[in-house]
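Undergrad: If it helps, the file is called run27.cif and holds mmCIF, C-alpha atoms:
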```
data_data
loop_
_atom_site.group_PDB
_atom_site.id
_atom_site.type_symbol
_atom_site.label_atom_id
_atom_site.label_comp_id
_atom_site.auth_asym_id
_atom_site.auth_seq_id
_atom_site.Cartn_x
_atom_site.Cartn_y
_atom_site.Cartn_z
ATOM 1 C CA MET L 278 48.548 -10.486 -80.235
ATOM 2 C CA SER L 279 45.960 -13.245 -80.211
ATOM 3 C CA VAL L 280 43.111 -13.378 -77.699
ATOM 4 C CA LEU L 281 44.777 -16.330 -75.971
ATOM 5 C CA GLY L 282 48.044 -14.381 -75.744
ATOM 6 C CA ARG L 283 46.318 -11.377 -74.206
ATOM 7 C CA VAL L 284 44.610 -13.620 -71.620
ATOM 8 C CA LEU L 285 47.917 -15.260 -70.692
ATOM 9 C CA LEU L 286 49.592 -11.845 -70.386
ATOM 10 C CA MET L 287 46.824 -10.556 -68.091
ATOM 11 C CA ASN L 288 47.143 -13.630 -65.880
ATOM 12 C CA VAL L 289 50.907 -13.143 -65.595
ATOM 13 C CA LEU L 290 50.471 -9.469 -64.706
ATOM 14 C CA LEU L 291 47.862 -10.319 -62.051
ATOM 15 C CA LEU L 292 50.184 -12.969 -60.592
ATOM 16 C CA LEU L 293 53.069 -10.496 -60.434
ATOM 17 C CA ALA L 294 50.809 -7.919 -58.758
ATOM 18 C CA CYS L 295 49.774 -10.464 -56.101
ATOM 19 C CA ILE L 296 53.407 -11.416 -55.468
ATOM 20 C CA ASN L 297 54.313 -7.731 -55.161
ATOM 21 C CA LEU L 298 51.528 -7.100 -52.627
ATOM 22 C CA GLN L 299 52.536 -10.096 -50.550
ATOM 23 C CA ALA L 300 56.144 -8.912 -50.458
ATOM 24 C CA GLN L 301 55.353 -5.485 -48.912
ATOM 25 C CA VAL L 302 57.383 -4.583 -45.825
ATOM 26 C CA ASN L 303 55.598 -4.728 -42.471
ATOM 27 C CA ILE L 304 56.633 -1.326 -41.082
ATOM 28 C CA PRO L 305 56.088 -0.557 -37.365
ATOM 29 C CA ARG L 306 54.013 2.471 -36.467
ATOM 30 C CA ILE L 307 55.920 5.408 -35.041
ATOM 31 C CA SER L 308 52.871 5.911 -32.776
ATOM 32 C CA PRO L 309 52.384 2.302 -31.633
ATOM 33 C CA ASP L 310 49.036 0.772 -30.778
ATOM 34 C CA ALA L 311 48.167 0.233 -27.130
ATOM 35 C CA LYS L 312 45.384 -1.582 -25.327
ATOM 36 C CA LEU L 313 44.480 -0.933 -21.701
ATOM 37 C CA GLU L 314 42.083 -3.157 -19.753
ATOM 38 C CA GLN L 315 41.051 -1.959 -16.314
ATOM 39 C CA MET L 316 38.506 -3.117 -13.766
ATOM 40 C CA ILE L 317 36.684 -0.415 -11.806
ATOM 41 C CA GLY L 318 34.736 -2.287 -9.176
ATOM 42 C CA LEU L 319 33.144 -5.059 -11.231
ATOM 43 C CA THR L 320 33.003 -2.986 -14.422
ATOM 44 C CA LYS L 321 35.495 -3.733 -17.194
ATOM 45 C CA VAL L 322 36.884 -0.706 -19.009
ATOM 46 C CA GLU L 323 38.891 -1.176 -22.199
ATOM 47 C CA VAL L 324 40.838 1.558 -24.017
ATOM 48 C CA LYS L 325 42.369 1.110 -27.484
ATOM 49 C CA TYR L 326 44.554 3.959 -28.711
ATOM 50 C CA SER L 327 47.838 4.881 -30.382
ATOM 51 C CA ARG L 328 50.675 6.591 -28.482
ATOM 52 C CA PRO L 329 52.388 9.484 -30.269
ATOM 53 C CA SER L 330 55.649 10.924 -28.929
ATOM 54 C CA LYS L 331 56.771 14.530 -28.694
ATOM 55 C CA ARG L 332 60.017 14.033 -30.675
ATOM 56 C CA GLY L 333 61.104 17.654 -30.186
ATOM 57 C CA ARG L 334 57.829 19.110 -31.423
ATOM 58 C CA GLN L 335 55.516 21.658 -29.821
ATOM 59 C CA ILE L 336 52.409 19.685 -28.873
ATOM 60 C CA LEU L 337 49.769 22.034 -27.467
ATOM 61 C CA GLY L 338 48.851 24.677 -30.013
ATOM 62 C CA GLU L 339 50.738 22.918 -32.822
ATOM 63 C CA ILE L 340 50.381 19.131 -33.030
ATOM 64 C CA ILE L 341 47.186 19.534 -30.997
ATOM 65 C CA PRO L 342 45.674 22.793 -32.299
ATOM 66 C CA TYR L 343 43.378 24.776 -30.033
ATOM 67 C CA ASP L 344 39.654 24.979 -30.775
ATOM 68 C CA ARG L 345 39.683 21.932 -33.065
ATOM 69 C CA ILE L 346 38.824 18.284 -32.564
ATOM 70 C CA TRP L 347 41.610 15.909 -31.447
ATOM 71 C CA ARG L 348 41.458 12.108 -31.571
ATOM 72 C CA VAL L 349 43.117 11.680 -28.122
ATOM 73 C CA GLY L 350 46.100 9.834 -29.542
ATOM 74 C CA ALA L 351 47.135 9.048 -33.119
ATOM 75 C CA ASN L 352 46.077 6.940 -36.122
ATOM 76 C CA GLU L 353 42.535 5.560 -35.701
ATOM 77 C CA SER L 354 40.151 7.202 -33.269
ATOM 78 C CA THR L 355 40.626 6.172 -29.656
ATOM 79 C CA LYS L 356 37.970 3.694 -28.478
ATOM 80 C CA VAL L 357 36.663 3.267 -24.927
ATOM 81 C CA SER L 358 34.366 0.413 -23.875
ATOM 82 C CA PHE L 359 32.373 -0.028 -20.651
ATOM 83 C CA SER L 360 30.822 -3.358 -19.659
ATOM 84 C CA THR L 361 28.149 -1.655 -17.529
ATOM 85 C CA ASP L 362 26.505 1.740 -17.289
ATOM 86 C CA VAL L 363 28.852 4.323 -15.738
ATOM 87 C CA VAL L 364 28.888 7.908 -14.566
ATOM 88 C CA VAL L 365 31.601 10.054 -16.185
ATOM 89 C CA ALA L 366 32.408 13.396 -14.551
ATOM 90 C CA GLY L 367 28.978 13.307 -12.930
ATOM 91 C CA ASN L 368 27.156 12.438 -16.174
ATOM 92 C CA PRO L 369 25.420 9.085 -16.852
ATOM 93 C CA LEU L 370 26.739 7.054 -19.801
ATOM 94 C CA LYS L 371 25.332 3.752 -21.057
ATOM 95 C CA ALA L 372 27.410 0.594 -21.393
ATOM 96 C CA GLY L 373 28.999 0.290 -24.824
ATOM 97 C CA THR L 374 31.894 1.415 -27.017
ATOM 98 C CA TYR L 375 32.599 5.056 -27.832
ATOM 99 C CA ALA L 376 35.113 7.079 -29.813
ATOM 100 C CA LEU L 377 36.956 9.388 -27.434
ATOM 101 C CA TYR L 378 37.552 12.945 -28.676
ATOM 102 C CA ALA L 379 38.607 16.259 -27.193
ATOM 103 C CA PHE L 380 38.345 19.930 -28.109
ATOM 104 C CA PRO L 381 41.299 21.702 -26.447
ATOM 105 C CA HIS L 382 40.866 25.397 -25.680
ATOM 106 C CA GLN L 383 43.209 27.848 -23.995
ATOM 107 C CA ASP L 384 41.258 27.861 -20.720
ATOM 108 C CA ASN L 385 39.504 24.471 -20.723
ATOM 109 C CA TRP L 386 39.004 21.265 -22.658
ATOM 110 C CA GLU L 387 35.804 19.633 -23.879
ATOM 111 C CA VAL L 388 35.851 15.843 -23.612
ATOM 112 C CA VAL L 389 33.532 13.887 -25.896
ATOM 113 C CA PHE L 390 32.310 10.298 -25.853
ATOM 114 C CA HIS L 391 31.024 9.842 -29.405
ATOM 115 C CA GLN L 392 28.703 7.138 -30.711
ATOM 116 C CA ASP L 393 30.171 6.903 -34.237
ATOM 117 C CA THR L 394 33.310 4.754 -33.928
ATOM 118 C CA THR L 395 33.864 4.293 -37.680
ATOM 119 C CA HIS L 396 35.886 7.457 -38.417
ATOM 120 C CA TRP L 397 39.586 7.302 -39.157
ATOM 121 C CA GLY L 398 41.330 9.645 -36.743
ATOM 122 C CA ASP L 399 39.226 12.560 -35.635
ATOM 123 C CA GLY L 400 36.678 12.315 -38.462
ATOM 124 C CA ARG L 401 37.084 16.085 -38.838
ATOM 125 C CA ASP L 402 35.061 16.462 -42.029
ATOM 126 C CA ALA L 403 32.434 13.861 -41.113
ATOM 127 C CA TYR L 404 32.199 14.497 -37.344
ATOM 128 C CA ASN L 405 28.596 15.097 -36.317
ATOM 129 C CA PRO L 406 28.093 16.559 -32.811
ATOM 130 C CA GLU L 407 24.559 15.162 -32.810
ATOM 131 C CA MET L 408 26.198 11.740 -32.387
ATOM 132 C CA ASP L 409 27.845 12.782 -29.101
ATOM 133 C CA ALA L 410 26.711 10.528 -26.277
ATOM 134 C CA LEU L 411 28.353 12.823 -23.743
ATOM 135 C CA ARG L 412 30.261 16.107 -23.771
ATOM 136 C CA PHE L 413 31.633 17.885 -20.701
ATOM 137 C CA THR L 414 34.266 20.476 -19.790
ATOM 138 C CA VAL L 415 37.405 19.881 -17.709
ATOM 139 C CA GLN L 416 40.246 22.089 -16.576
ATOM 140 C CA PRO L 417 43.721 21.071 -17.812
ATOM 141 C CA LYS L 418 46.521 20.709 -15.276
ATOM 142 C CA ALA L 419 50.183 21.632 -15.739
ATOM 143 C CA LEU L 420 52.920 19.038 -15.204
ATOM 144 C CA ASN L 421 56.429 19.931 -14.105
ATOM 145 C CA ASP L 422 58.033 16.844 -15.629
ATOM 146 C CA LEU L 423 58.018 16.221 -19.365
ATOM 147 C CA VAL L 424 55.901 13.295 -20.590
ATOM 148 C CA GLU L 425 57.543 12.319 -23.883
ATOM 149 C CA THR L 426 54.923 9.805 -25.051
ATOM 150 C CA PHE L 427 51.174 10.288 -24.705
ATOM 151 C CA ARG L 428 49.623 7.957 -22.160
ATOM 152 C CA ILE L 429 46.200 7.090 -20.772
ATOM 153 C CA ASP L 430 45.991 5.620 -17.291
ATOM 154 C CA PHE L 431 43.652 5.090 -14.334
ATOM 155 C CA GLN L 432 44.400 6.188 -10.776
ATOM 156 C CA GLY L 433 42.765 6.664 -7.377
ATOM 157 C CA PHE L 434 40.751 3.448 -7.195
ATOM 158 C CA THR L 435 37.857 2.683 -4.894
ATOM 159 C CA HIS L 436 35.282 -0.089 -5.163
ATOM 160 C CA THR L 437 33.051 2.321 -7.075
ATOM 161 C CA SER L 438 35.279 4.749 -8.980
ATOM 162 C CA ALA L 439 38.615 5.654 -10.545
ATOM 163 C CA THR L 440 40.119 8.641 -12.317
ATOM 164 C CA MET L 441 40.947 8.453 -16.020
ATOM 165 C CA VAL L 442 44.168 10.391 -16.689
ATOM 166 C CA TRP L 443 45.677 11.623 -19.971
ATOM 167 C CA GLN L 444 49.231 12.975 -19.924
ATOM 168 C CA TRP L 445 51.500 14.365 -22.615
ATOM 169 C CA GLU L 446 54.202 17.002 -22.804
ATOM 170 C CA HIS L 447 53.420 19.229 -19.771
ATOM 171 C CA PHE L 448 49.630 18.839 -19.564
ATOM 172 C CA GLN L 449 47.215 16.491 -17.826
ATOM 173 C CA ILE L 450 43.495 15.916 -18.301
ATOM 174 C CA ASP L 451 41.646 13.859 -15.691
ATOM 175 C CA PHE L 452 38.050 13.073 -14.739
ATOM 176 C CA ARG L 453 36.274 10.640 -12.445
ATOM 177 C CA ILE L 454 34.466 7.518 -13.656
ATOM 178 C CA SER L 455 31.984 5.981 -11.197
ATOM 179 C CA VAL L 456 30.214 2.630 -11.298
ATOM 180 C CA ASP L 457 27.330 1.135 -9.321
ATOM 181 C CA THR L 458 29.187 -1.776 -7.753
ATOM 182 C CA ASP L 459 27.125 -2.406 -4.618
ATOM 183 C CA PRO L 460 24.023 -3.986 -6.239
ATOM 184 C CA MET L 461 26.173 -6.447 -8.192
ATOM 185 C CA VAL L 462 28.213 -7.411 -5.121
ATOM 186 C CA MET L 463 25.183 -7.721 -2.855
ATOM 187 C CA ASP L 464 23.350 -9.912 -5.375
ATOM 188 C CA ASP L 465 26.364 -12.224 -5.532
ATOM 189 C CA ILE L 466 26.792 -12.281 -1.746
ATOM 190 C CA HIS L 467 23.171 -13.228 -1.141
ATOM 191 C CA TYR L 468 23.254 -15.837 -3.905
ATOM 192 C CA GLN L 469 26.385 -17.499 -2.478
ATOM 193 C CA ILE L 470 25.076 -17.425 1.094
ATOM 194 C CA ASP L 471 21.702 -18.850 0.017
ATOM 195 C CA HIS L 472 23.178 -21.670 -2.085
ATOM 196 C CA ASN L 473 26.543 -22.925 -0.835
ATOM 197 C CA PRO L 474 28.133 -20.709 1.810
ATOM 198 C CA THR L 475 31.649 -21.452 3.048
ATOM 199 C CA ALA L 476 33.912 -19.746 5.570
ATOM 200 C CA VAL L 477 35.469 -17.836 2.675
ATOM 201 C CA THR L 478 32.012 -16.687 1.532
ATOM 202 C CA TYR L 479 31.219 -15.185 4.929
ATOM 203 C CA TYR L 480 34.710 -13.723 5.378
ATOM 204 C CA GLU L 481 34.784 -12.017 1.968
ATOM 205 C CA ALA L 482 31.258 -10.676 2.422
ATOM 206 C CA ALA L 483 32.201 -9.206 5.817
ATOM 207 C CA LYS L 484 35.465 -7.800 4.433
ATOM 208 C CA TYR L 485 33.581 -6.039 1.636
ATOM 209 C CA MET L 486 31.267 -4.438 4.195
ATOM 210 C CA GLN L 487 34.258 -3.335 6.261
ATOM 211 C CA GLU L 488 35.953 -1.841 3.207
ATOM 212 C CA ARG L 489 32.742 0.006 2.342
ATOM 213 C CA ASN L 490 32.253 1.029 6.018
ATOM 214 C CA LYS L 491 28.626 -0.045 6.059
ATOM 215 C CA LYS L 492 26.273 -2.634 7.603
ATOM 216 C CA HIS L 493 28.615 -3.320 10.496
ATOM 217 C CA GLY L 494 26.185 -5.581 12.366
ATOM 218 C CA MET L 495 25.781 -7.802 9.335
ATOM 219 C CA ALA L 496 29.568 -7.922 8.886
ATOM 220 C CA LEU L 497 30.078 -9.053 12.495
ATOM 221 C CA THR L 498 27.439 -11.775 12.056
ATOM 222 C CA TRP L 499 29.165 -13.068 8.935
ATOM 223 C CA LEU L 500 32.528 -13.065 10.708
ATOM 224 C CA GLU L 501 31.016 -15.201 13.454
ATOM 225 C CA GLU L 502 29.837 -17.662 10.793
ATOM 226 C CA ALA L 503 33.282 -17.671 9.177
ATOM 227 C CA GLU L 504 34.937 -18.470 12.521
ATOM 228 C CA ARG L 505 32.363 -21.169 13.273
ATOM 229 C CA LEU L 506 33.236 -22.924 9.997
ATOM 230 C CA GLU L 507 36.981 -22.224 9.855
ATOM 231 C CA GLY L 508 38.018 -21.709 13.449
ATOM 232 C CA PRO L 509 39.870 -18.661 14.825
ATOM 233 C CA LYS L 510 42.057 -17.072 12.134
ATOM 234 C CA TYR L 511 44.134 -13.894 12.299
ATOM 235 C CA TYR L 512 42.448 -12.444 9.195
ATOM 236 C CA ILE L 513 38.959 -12.977 10.636
ATOM 237 C CA TYR L 514 39.928 -11.182 13.843
ATOM 238 C CA ARG L 515 41.691 -8.471 11.841
ATOM 239 C CA VAL L 516 38.501 -7.611 9.942
ATOM 240 C CA ARG L 517 36.462 -7.889 13.151
ATOM 241 C CA ALA L 518 38.800 -5.379 14.820
ATOM 242 C CA LEU L 519 38.457 -2.983 11.890
ATOM 243 C CA VAL L 520 34.657 -3.223 11.911
ATOM 244 C CA LEU L 521 34.564 -2.561 15.663
ATOM 245 C CA GLY L 522 36.908 0.386 15.153
ATOM 246 C CA GLN L 523 34.574 1.830 12.526
ATOM 247 C CA MET L 524 31.756 1.523 15.076
ATOM 248 C CA HIS L 525 33.939 3.438 17.606
ATOM 249 C CA TRP L 526 33.935 0.452 19.959
ATOM 250 C CA TYR L 527 37.629 0.926 20.544
ATOM 251 C CA LYS L 528 38.099 -1.329 23.589
ATOM 252 C CA GLU L 529 36.449 -4.232 21.761
ATOM 253 C CA ALA L 530 38.458 -3.418 18.649
ATOM 254 C CA ILE L 531 41.705 -3.522 20.627
ATOM 255 C CA ALA L 532 40.779 -6.903 22.112
ATOM 256 C CA ALA L 533 40.077 -8.319 18.646
ATOM 257 C CA ALA L 534 43.315 -6.849 17.274
ATOM 258 C CA GLU L 535 45.296 -8.454 20.111
ATOM 259 C CA VAL L 536 43.854 -11.852 19.177
ATOM 260 C CA SER L 537 44.655 -11.183 15.517
ATOM 261 C CA ALA L 538 48.264 -10.310 16.399
ATOM 262 C CA LYS L 539 48.669 -13.471 18.493
ATOM 263 C CA LEU L 540 47.259 -15.732 15.760
ATOM 264 C CA ALA L 541 49.326 -13.990 13.079
ATOM 265 C CA GLU L 542 52.486 -14.448 15.133
ATOM 266 C CA GLU L 543 51.766 -18.170 15.468
ATOM 267 C CA GLU L 544 51.573 -18.404 11.664
ATOM 268 C CA GLY L 545 54.686 -16.297 11.095
ATOM 269 C CA LYS L 546 52.720 -13.453 9.500
ATOM 270 C CA ASP L 547 54.916 -10.654 10.793
ATOM 271 C CA GLU L 548 53.350 -7.976 8.595
ATOM 272 C CA PHE L 549 49.917 -8.628 10.115
ATOM 273 C CA VAL L 550 51.365 -8.521 13.605
ATOM 274 C CA ARG L 551 52.699 -5.048 12.825
ATOM 275 C CA LEU L 552 49.371 -3.978 11.337
ATOM 276 C CA ALA L 553 47.491 -5.100 14.448
ATOM 277 C CA GLU L 554 49.953 -3.300 16.708
ATOM 278 C CA GLY L 555 49.468 -0.132 14.683
ATOM 279 C CA TYR L 556 45.683 -0.333 15.017
ATOM 280 C CA ILE L 557 45.970 -0.932 18.755
ATOM 281 C CA GLU L 558 48.200 2.116 19.208
ATOM 282 C CA GLU L 559 45.798 4.280 17.173
ATOM 283 C CA TRP L 560 42.708 3.154 19.102
ATOM 284 C CA GLN L 561 44.405 3.560 22.464
ATOM 285 C CA LYS L 562 45.084 7.202 21.590
ATOM 286 C CA LEU L 563 41.431 7.688 20.658
ATOM 287 C CA ILE L 564 40.311 6.214 23.996
ATOM 288 C CA GLN L 565 42.620 8.592 25.893
ATOM 289 C CA HIS L 566 41.097 11.572 24.110
#
```
Go ahead and render the structure in this file as structure tokens.
TA:
Amino acid sequence: MSVLGRVLLMNVLLLLACINLQAQVNIPRISPDAKLEQMIGLTKVEVKYSRPSKRGRQILGEIIPYDRIWRVGANESTKVSFSTDVVVAGNPLKAGTYALYAFPHQDNWEVVFHQDTTHWGDGRDAYNPEMDALRFTVQPKALNDLVETFRIDFQGFTHTSATMVWQWEHFQIDFRISVDTDPMVMDDIHYQIDHNPTAVTYYEAAKYMQERNKKHGMALTWLEEAERLEGPKYYIYRVRALVLGQMHWYKEAIAAAEVSAKLAEEEGKDEFVRLAEGYIEEWQKLIQH
């Protein structure tokens, strides 16, 4: 075959190879990808993982062997990102993205936030414990109901924390993640009040203080400003009643709740009427005791 013939043949073969690659079937993963975005306070947490199912198999001790690294899911390593510094199970952890691993044992589990996110799966042969950003021990919990497909979730929210929960088969792993929300909120509150405060600004600032059960005097002052700008509103008096209740000024709290109920009734907000009546009943009992 001539040189020109060999060149033409190679080009044809390359073209056929490209066509063959392009025609490959796009097969779904049996352990599908999942992405979870969750706010804890003002911190964004993102989890990317794959969700394997039990499918009649023994999970603990078989699919997840004891005393060996597990990728906390399937396929690629599970990734967890934090937009701010956090505290995980009482341990500080810098903002960033980590591979999430675990070492299951019979009596406890070691949870690892790992700095090398490039490994496929658990990186068993290349895993270097010196790259661990954080490692801590948790106690597994038994579940009565079967969880067929592995899941990661967050529960038990406050302004400053939530619990990360893993569940599969009949086991659960959970640990608390805390964030430093207050400085971020207070900086924003003071900025808004200093630059362009509205009734909503003062109301939301006071409501945050009530929800955090702190700085009650400041909250009452901001509620007065909100009412001055907006007029009497059921939600302003509702928060005022709650703040006064937290201060144990129950008679004043009852008076504010009665105003809140009246204003809510005028606006057809039946649920807030019932809430106010519930607070009043509770505080009246506390006064009697």
Undergrad: Quick one: residues within 6 Å of region 430-441 of chain L, only C-alpha atoms counted, chain neighbours fewer than 6 positions away excluded, as an MDAnalysis selection string?
TA: chainID L and resid 318 451:456 458
Undergrad: Exactly which residues make up the result of the PyMOL selection byres ((chain L and resi 307) around 9) on this file, given as a list in words?
TA: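 Selection result, ordered by chain and number: Pro305, Arg306, Ser308, Pro309, Arg328, Pro329 and Ser330 of chain L.
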Undergrad: Take the selection from the previous step and output its residues with C-alpha atoms, as a PDB file, keeping the file's coordinate frame.
TA:
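Result file is result-v3.pdb:
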```pdb
ATOM      1  CA  PRO L 305      56.088  -0.557 -37.365  1.00  0.00           C
ATOM      2  CA  ARG L 306      54.013   2.471 -36.467  1.00  0.00           C
ATOM      3  CA  SER L 308      52.871   5.911 -32.776  1.00  0.00           C
ATOM      4  CA  PRO L 309      52.384   2.302 -31.633  1.00  0.00           C
ATOM      5  CA  ARG L 328      50.675   6.591 -28.482  1.00  0.00           C
ATOM      6  CA  PRO L 329      52.388   9.484 -30.269  1.00  0.00           C
ATOM      7  CA  SER L 330      55.649  10.924 -28.929  1.00  0.00           C
TER       8      SER L 330
END
```
Undergrad: On this structure, which residues satisfy the PyMOL selection byres ((chain L and resi 360-372) around 12), written as an MDAnalysis selection string?
TA: chainID L and resid 314:324 357:359 373:375 387:392 409:416 437:441 450:458 461
Undergrad: Decode the PyMOL selection byres ((chain L and resi 382) around 10) for the given file into explicit residues and return them as an MDAnalysis selection string.
TA: chainID L and resid 337:338 342:345 379:381 383:387 416:417
Undergrad: Given all atoms listed in the file as the basis, pick out the residue of L:Lys510, L:Met524, L:Lys312, L:Thr395 nearest to Lys546 (chain L).
TA: L:Lys510
Undergrad: Would you please work out which residue, of L:Met463, L:Ala311, L:Val477, L:Ile531, is nearest to Gly508 (chain L) when using only C-alpha atoms?
TA: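 Among the listed residues, L:Val477 lies closest to Gly508 (chain L).
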Undergrad: What's the separation between CA of Ala538 (chain L) and CA of Leu506 (chain L), in Å to one decimal place?
TA: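 Computing the Euclidean distance for CA of Ala538 (chain L) and CA of Leu506 (chain L) yields 20.6 Å.
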Undergrad: So that all listed atoms of region 469-484 of chain L fit with 8 Å spare on each side, what axis-aligned box centre and edge lengths in Å, to one decimal, would you give as lines of an AutoDock Vina configuration file?
TA:
```
center_x = 28.6
center_y = -15.4
center_z = 1.7
size_x = 29.8
size_y = 31.1
size_z = 24.3
```
Undergrad: In Å, how far is it from CA of Leu540 (chain L) to CA of His493 (chain L)?
TA: 23.0 Å
Undergrad: Quote the spacing between CA of Pro474 (chain L) and CA of Glu507 (chain L) in Å to one decimal place.
TA: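 Separation of CA of Pro474 (chain L) and CA of Glu507 (chain L): 12.1 Å.
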Undergrad: Please determine, counting all atoms listed in the file, which residue among L:Lys325, L:His447, L:Arg515, L:Lys356 has the shortest atom-to-atom distance to Leu420 (chain L).
TA: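 Checking each of L:Lys325, L:His447, L:Arg515, L:Lys356 against Leu420 (chain L), counting all atoms listed in the file, the winner is L:His447.
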Undergrad: Just want the 12 Å neighbourhood of Asp399 (chain L), counted on all atoms listed in the file, with same-chain residues fewer than 4 positions away dropped. Output as an NGL selection string.
TA: :L and (341 or 345-356 or 376-380 or 389 or 391 or 393-395 or 403-405)
Undergrad: Can you spit out the residues from that selection as a tab-separated table (two decimals), in the coordinates of the input, using C-alpha atoms?
TA:
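Once everything was written out, this is result_32.tsv:
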```
chain	number	residue	atom	x	y	z
L	341	ILE	CA	47.19	19.53	-31.00
L	345	ARG	CA	39.68	21.93	-33.06
L	346	ILE	CA	38.82	18.28	-32.56
L	347	TRP	CA	41.61	15.91	-31.45
L	348	ARG	CA	41.46	12.11	-31.57
L	349	VAL	CA	43.12	11.68	-28.12
L	350	GLY	CA	46.10	9.83	-29.54
L	351	ALA	CA	47.14	9.05	-33.12
L	352	ASN	CA	46.08	6.94	-36.12
L	353	GLU	CA	42.54	5.56	-35.70
L	354	SER	CA	40.15	7.20	-33.27
L	355	THR	CA	40.63	6.17	-29.66
L	356	LYS	CA	37.97	3.69	-28.48
L	376	ALA	CA	35.11	7.08	-29.81
L	377	LEU	CA	36.96	9.39	-27.43
L	378	TYR	CA	37.55	12.94	-28.68
L	379	ALA	CA	38.61	16.26	-27.19
L	380	PHE	CA	38.34	19.93	-28.11
L	389	VAL	CA	33.53	13.89	-25.90
L	391	HIS	CA	31.02	9.84	-29.40
L	393	ASP	CA	30.17	6.90	-34.24
L	394	THR	CA	33.31	4.75	-33.93
L	395	THR	CA	33.86	4.29	-37.68
L	403	ALA	CA	32.43	13.86	-41.11
L	404	TYR	CA	32.20	14.50	-37.34
L	405	ASN	CA	28.60	15.10	-36.32
```
